[in-house]
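Below you'll find the structure, written out as structure tokens, and then a few comments.
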Amino acid sequence: MRVLVAEDHPRLAATIGAVLRREGMAVDVVFDGREALDRATLTAYDVVVLDRDLPAVHGDDVCRSLAAEGRTAVLMLTAAGRLEDRVQGLGIGADDYLPKPFHVAELIARVRALARRSRRAIPPKLVNGDLELDPAHRSVTRAGVRLELSPKEFALLEVLLGAQGAVVSTEELLERAWDDAIDPFTNVVRMTVSRLRAKLGDPPVIETVTPAGYRIGETT
């Protein structure tokens with residue numbers, strides 16, 4: 001899952017970014033509305049976490065632009081928590097609205113819910129044979145046995161299962177499971193797939209489709 005955080009308070013922005021990355025999300029952080037629009041033009045984000053009171057370009061204008069494009073879901077953050085403020089925020093195109101201060105668990109839940117809505121319909125739990133991934137609880141089981149995955153292993157498996165058997169390219173995996181800091185020429189995807197295969201066990205689940213990428217095969 002790829003998320004853009006647009007928040008002009010560096011400490012809060014860093015906290016939100018760290019929390020979402022711990023959940024296995026790929027997160028980019030910007031500090032003003034102009035950069036938010038520039039990033040959203042270049043990258044297909046599942047969710048934009050958008051502070052309403054941004055410099056350079058106001059958050060309302062960023063939200064209107066993103067809503068007009070219709071390519072990403074917007075979670076608006078604001079210190080104004082009155083009902084009329086929430087109604088106004090939703091009226092300019094925000095998909096959800098979270099007043100500050102907020103609990104990080106609620107932020108995570110809302111981001112995940114918006115990501116499911118912004119993509120084609122994907123069930124809350126991703127299941128393939130005896131393999132089950134529960135995004136809300138960040139759990140993966142195979143044949144009823146819980147597997148301990150790193151955040152990036154979890155994120156990569158979530159993308160592959162969400163593709164429902166379709167091939168996912170290395171480039172798309174980099175875009176969806178890592179952020180802009182990653183070297184595009186790295187072999188991190190291949191290494192992560194290798195570790196994930198070992199943890200998933202036999203029979204093998206992840207298929208390599210040379211040179212296209214990877215996909216989830218049939219499991220029993």
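By convention in this document, the chains of the structure tokens carry letters A, B, ... by their order, each chain's residues are numbered from 1, and ligands are numbered from 1 in the order they are shown.
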Margin query: Would you pick out the contacts of Arg39 in chain A at 9 Å or less, using only C-alpha atoms, so that residues sharing its chain but fewer than 5 positions from it are not included, and give the list as a PyMOL selection string?
Written below: chain A and resi 4+28+30+34+44
Those same residues - N, CA, C and O atoms - I'd like them written as a PDB file, in the first residue's frame.
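Below is the file that was written, out_10.pdb:
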```pdb
ATOM      1  N   LEU A   4       0.686   8.831   0.853  1.00  0.00           N
ATOM      2  CA  LEU A   4       1.332  10.135   0.924  1.00  0.00           C
ATOM      3  C   LEU A   4       0.822  10.865   2.160  1.00  0.00           C
ATOM      4  O   LEU A   4      -0.394  10.995   2.348  1.00  0.00           O
ATOM      5  N   ASP A  28       5.436   8.245   1.737  1.00  0.00           N
ATOM      6  CA  ASP A  28       6.181   9.449   1.377  1.00  0.00           C
ATOM      7  C   ASP A  28       5.611  10.602   2.194  1.00  0.00           C
ATOM      8  O   ASP A  28       4.396  10.665   2.440  1.00  0.00           O
ATOM      9  N   VAL A  30       5.480  14.888   2.734  1.00  0.00           N
ATOM     10  CA  VAL A  30       5.730  16.241   2.228  1.00  0.00           C
ATOM     11  C   VAL A  30       5.167  17.229   3.245  1.00  0.00           C
ATOM     12  O   VAL A  30       4.352  16.870   4.101  1.00  0.00           O
ATOM     13  N   ARG A  34       1.814  22.381  -2.366  1.00  0.00           N
ATOM     14  CA  ARG A  34       2.370  22.328  -3.719  1.00  0.00           C
ATOM     15  C   ARG A  34       3.111  21.021  -3.936  1.00  0.00           C
ATOM     16  O   ARG A  34       2.945  20.361  -4.977  1.00  0.00           O
ATOM     17  N   ALA A  44       0.998   6.984  -8.080  1.00  0.00           N
ATOM     18  CA  ALA A  44      -0.370   6.531  -7.814  1.00  0.00           C
ATOM     19  C   ALA A  44      -0.467   6.089  -6.350  1.00  0.00           C
ATOM     20  O   ALA A  44      -0.043   4.994  -5.996  1.00  0.00           O
TER      21      ALA A  44
END
```
Check: Residues of range 154-202 of chain A in helix (DSSP H, G or I) according to DSSP, as a PyMOL selection string?
Finding: chain A and resi 154-162+170-177+188-200
Note to self: Would you pick out the contacts of Ala113 in chain A at 10 Å or less, using only C-alpha atoms, so that residues sharing its chain but fewer than 4 positions from it are not included, and give the list as a list of chain:residue names?
What the structure shows: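 My list of contacting residues is A:Val47, A:Ala73, A:Asp96, A:Leu107, A:Ile108, A:Ala109, A:Arg117, A:Ser118, A:Pro124, A:Pro135, A:Ala136.
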Next item on the list: Determine, counting only C-alpha atoms, which protein, DNA and RNA residues have an atom within 8 Å of an atom of range 144-151 of chain A; residues of the same chain fewer than 2 positions away are not included. Present the result as a PyMOL selection string.
Entry: chain A and resi 21-25+130+139-142+153-155+196+199-200
Margin query: For the strand (DSSP E) assignment from backbone DSSP, which residues of range 38-98 of chain A qualify? Please present them as number ranges by chain.
Written below: A: 47-51, 73-78, 96-98
Just the selected residues (all heavy atoms), exported as an mmCIF file, in the first residue's frame, please.
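Everything below was put into selection10.cif:
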```cif
data_model
loop_
_atom_site.group_PDB
_atom_site.id
_atom_site.type_symbol
_atom_site.label_atom_id
_atom_site.label_comp_id
_atom_site.auth_asym_id
_atom_site.auth_seq_id
_atom_site.Cartn_x
_atom_site.Cartn_y
_atom_site.Cartn_z
ATOM 1 N N VAL A 47 -3.789 6.154 -0.705
ATOM 2 C CA VAL A 47 -4.406 7.105 0.220
ATOM 3 C C VAL A 47 -3.480 8.308 0.381
ATOM 4 O O VAL A 47 -2.252 8.154 0.446
ATOM 5 C CB VAL A 47 -4.660 6.473 1.606
ATOM 6 C CG1 VAL A 47 -5.283 7.492 2.569
ATOM 7 C CG2 VAL A 47 -5.561 5.241 1.493
ATOM 8 N N VAL A 48 -4.075 9.499 0.455
ATOM 9 C CA VAL A 48 -3.346 10.710 0.846
ATOM 10 C C VAL A 48 -3.876 11.157 2.197
ATOM 11 O O VAL A 48 -5.078 11.404 2.344
ATOM 12 C CB VAL A 48 -3.519 11.837 -0.188
ATOM 13 C CG1 VAL A 48 -2.855 13.123 0.312
ATOM 14 C CG2 VAL A 48 -2.932 11.429 -1.532
ATOM 15 N N VAL A 49 -2.992 11.203 3.191
ATOM 16 C CA VAL A 49 -3.330 11.734 4.512
ATOM 17 C C VAL A 49 -2.996 13.216 4.469
ATOM 18 O O VAL A 49 -1.820 13.602 4.402
ATOM 19 C CB VAL A 49 -2.546 11.019 5.628
ATOM 20 C CG1 VAL A 49 -2.899 11.612 6.994
ATOM 21 C CG2 VAL A 49 -2.838 9.520 5.603
ATOM 22 N N LEU A 50 -4.008 14.063 4.484
ATOM 23 C CA LEU A 50 -3.868 15.473 4.112
ATOM 24 C C LEU A 50 -4.251 16.404 5.260
ATOM 25 O O LEU A 50 -5.413 16.441 5.681
ATOM 26 C CB LEU A 50 -4.761 15.753 2.895
ATOM 27 C CG LEU A 50 -4.799 17.171 2.359
ATOM 28 C CD1 LEU A 50 -3.459 17.548 1.741
ATOM 29 C CD2 LEU A 50 -5.919 17.304 1.315
ATOM 30 N N ASP A 51 -3.269 17.166 5.745
ATOM 31 C CA ASP A 51 -3.561 18.212 6.720
ATOM 32 C C ASP A 51 -4.323 19.330 6.013
ATOM 33 O O ASP A 51 -3.961 19.738 4.898
ATOM 34 C CB ASP A 51 -2.261 18.745 7.325
ATOM 35 C CG ASP A 51 -2.524 19.841 8.338
ATOM 36 O OD1 ASP A 51 -3.480 19.710 9.128
ATOM 37 O OD2 ASP A 51 -1.791 20.844 8.337
ATOM 38 N N ALA A 73 -7.785 8.093 -2.595
ATOM 39 C CA ALA A 73 -8.662 8.455 -1.482
ATOM 40 C C ALA A 73 -7.954 9.463 -0.583
ATOM 41 O O ALA A 73 -6.741 9.410 -0.414
ATOM 42 C CB ALA A 73 -9.045 7.212 -0.686
ATOM 43 N N VAL A 74 -8.719 10.372 -0.007
ATOM 44 C CA VAL A 74 -8.161 11.437 0.828
ATOM 45 C C VAL A 74 -8.706 11.333 2.245
ATOM 46 O O VAL A 74 -9.927 11.329 2.454
ATOM 47 C CB VAL A 74 -8.490 12.836 0.257
ATOM 48 C CG1 VAL A 74 -7.977 13.927 1.197
ATOM 49 C CG2 VAL A 74 -7.892 12.998 -1.132
ATOM 50 N N LEU A 75 -7.789 11.231 3.206
ATOM 51 C CA LEU A 75 -8.137 11.315 4.625
ATOM 52 C C LEU A 75 -7.675 12.678 5.114
ATOM 53 O O LEU A 75 -6.477 12.943 5.193
ATOM 54 C CB LEU A 75 -7.458 10.207 5.421
ATOM 55 C CG LEU A 75 -7.591 10.285 6.955
ATOM 56 C CD1 LEU A 75 -9.047 10.270 7.392
ATOM 57 C CD2 LEU A 75 -6.817 9.154 7.613
ATOM 58 N N MET A 76 -8.608 13.556 5.426
ATOM 59 C CA MET A 76 -8.271 14.914 5.830
ATOM 60 C C MET A 76 -8.073 14.993 7.339
ATOM 61 O O MET A 76 -8.888 14.484 8.114
ATOM 62 C CB MET A 76 -9.364 15.891 5.383
ATOM 63 C CG MET A 76 -9.043 17.341 5.668
ATOM 64 S SD MET A 76 -10.247 18.481 4.913
ATOM 65 C CE MET A 76 -9.648 18.511 3.221
ATOM 66 N N LEU A 77 -6.984 15.640 7.741
ATOM 67 C CA LEU A 77 -6.683 15.869 9.147
ATOM 68 C C LEU A 77 -6.845 17.352 9.446
ATOM 69 O O LEU A 77 -6.426 18.193 8.653
ATOM 70 C CB LEU A 77 -5.247 15.463 9.484
ATOM 71 C CG LEU A 77 -4.810 14.036 9.158
ATOM 72 C CD1 LEU A 77 -3.346 13.855 9.544
ATOM 73 C CD2 LEU A 77 -5.682 13.027 9.885
ATOM 74 N N THR A 78 -7.408 17.683 10.599
ATOM 75 C CA THR A 78 -7.544 19.085 10.970
ATOM 76 C C THR A 78 -7.716 19.214 12.474
ATOM 77 O O THR A 78 -8.213 18.302 13.135
ATOM 78 C CB THR A 78 -8.735 19.741 10.259
ATOM 79 O OG1 THR A 78 -8.820 21.117 10.645
ATOM 80 C CG2 THR A 78 -10.032 19.057 10.613
ATOM 81 N N ASP A 96 -12.710 10.868 3.939
ATOM 82 C CA ASP A 96 -12.882 10.678 5.383
ATOM 83 C C ASP A 96 -12.230 11.863 6.072
ATOM 84 O O ASP A 96 -11.443 12.607 5.468
ATOM 85 C CB ASP A 96 -12.241 9.363 5.836
ATOM 86 C CG ASP A 96 -12.785 8.868 7.175
ATOM 87 O OD1 ASP A 96 -13.602 9.584 7.785
ATOM 88 O OD2 ASP A 96 -12.382 7.779 7.605
ATOM 89 N N TYR A 97 -12.545 12.032 7.360
ATOM 90 C CA TYR A 97 -12.155 13.235 8.080
ATOM 91 C C TYR A 97 -11.791 12.827 9.500
ATOM 92 O O TYR A 97 -12.571 12.148 10.173
ATOM 93 C CB TYR A 97 -13.349 14.199 8.076
ATOM 94 C CG TYR A 97 -13.077 15.604 8.512
ATOM 95 C CD1 TYR A 97 -12.893 16.620 7.575
ATOM 96 C CD2 TYR A 97 -13.033 15.939 9.853
ATOM 97 C CE1 TYR A 97 -12.679 17.929 7.975
ATOM 98 C CE2 TYR A 97 -12.818 17.242 10.266
ATOM 99 C CZ TYR A 97 -12.635 18.241 9.317
ATOM 100 O OH TYR A 97 -12.417 19.532 9.712
ATOM 101 N N LEU A 98 -10.593 13.191 9.952
ATOM 102 C CA LEU A 98 -10.133 12.801 11.284
ATOM 103 C C LEU A 98 -9.623 14.031 12.025
ATOM 104 O O LEU A 98 -8.614 14.627 11.645
ATOM 105 C CB LEU A 98 -9.017 11.765 11.159
ATOM 106 C CG LEU A 98 -8.515 11.096 12.456
ATOM 107 C CD1 LEU A 98 -9.659 10.361 13.150
ATOM 108 C CD2 LEU A 98 -7.372 10.145 12.140
#
```
Find the residues of range 54-153 of chain A that sit at most 12 Å from range 165-175 of chain A; for each, write down the nearest two atoms and how far apart they are in Å, to one decimal. Count only C-alpha atoms. Sort by chain, then by number going up, and give it as a tab-separated table.
```
residue	atom	partner	partner_atom	distance
A:Leu126	CA	A:Gly165	CA	11.7
A:Val127	CA	A:Gly165	CA	11.3
A:Asn128	CA	A:Gly165	CA	9.3
A:Lys152	CA	A:Leu174	CA	10.3
A:Glu153	CA	A:Leu173	CA	11.1
```
Next item on the list: Within 10 Å of Val62 in chain A, counting only C-alpha atoms, which residues show up once you throw out same-chain ones fewer than 5 positions away? Write them as an NGL selection string, please.
Entry: :A and (6 or 32-37 or 40 or 50-52 or 54 or 57 or 67-68 or 74 or 92-93)
Checklist line | Among the residues A:Gln164, A:Asp8, A:Val27, A:Trp178, the one that comes closest to Ile216 in chain A [using only C-alpha atoms] | finding: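 Closest candidate: A:Gln164.
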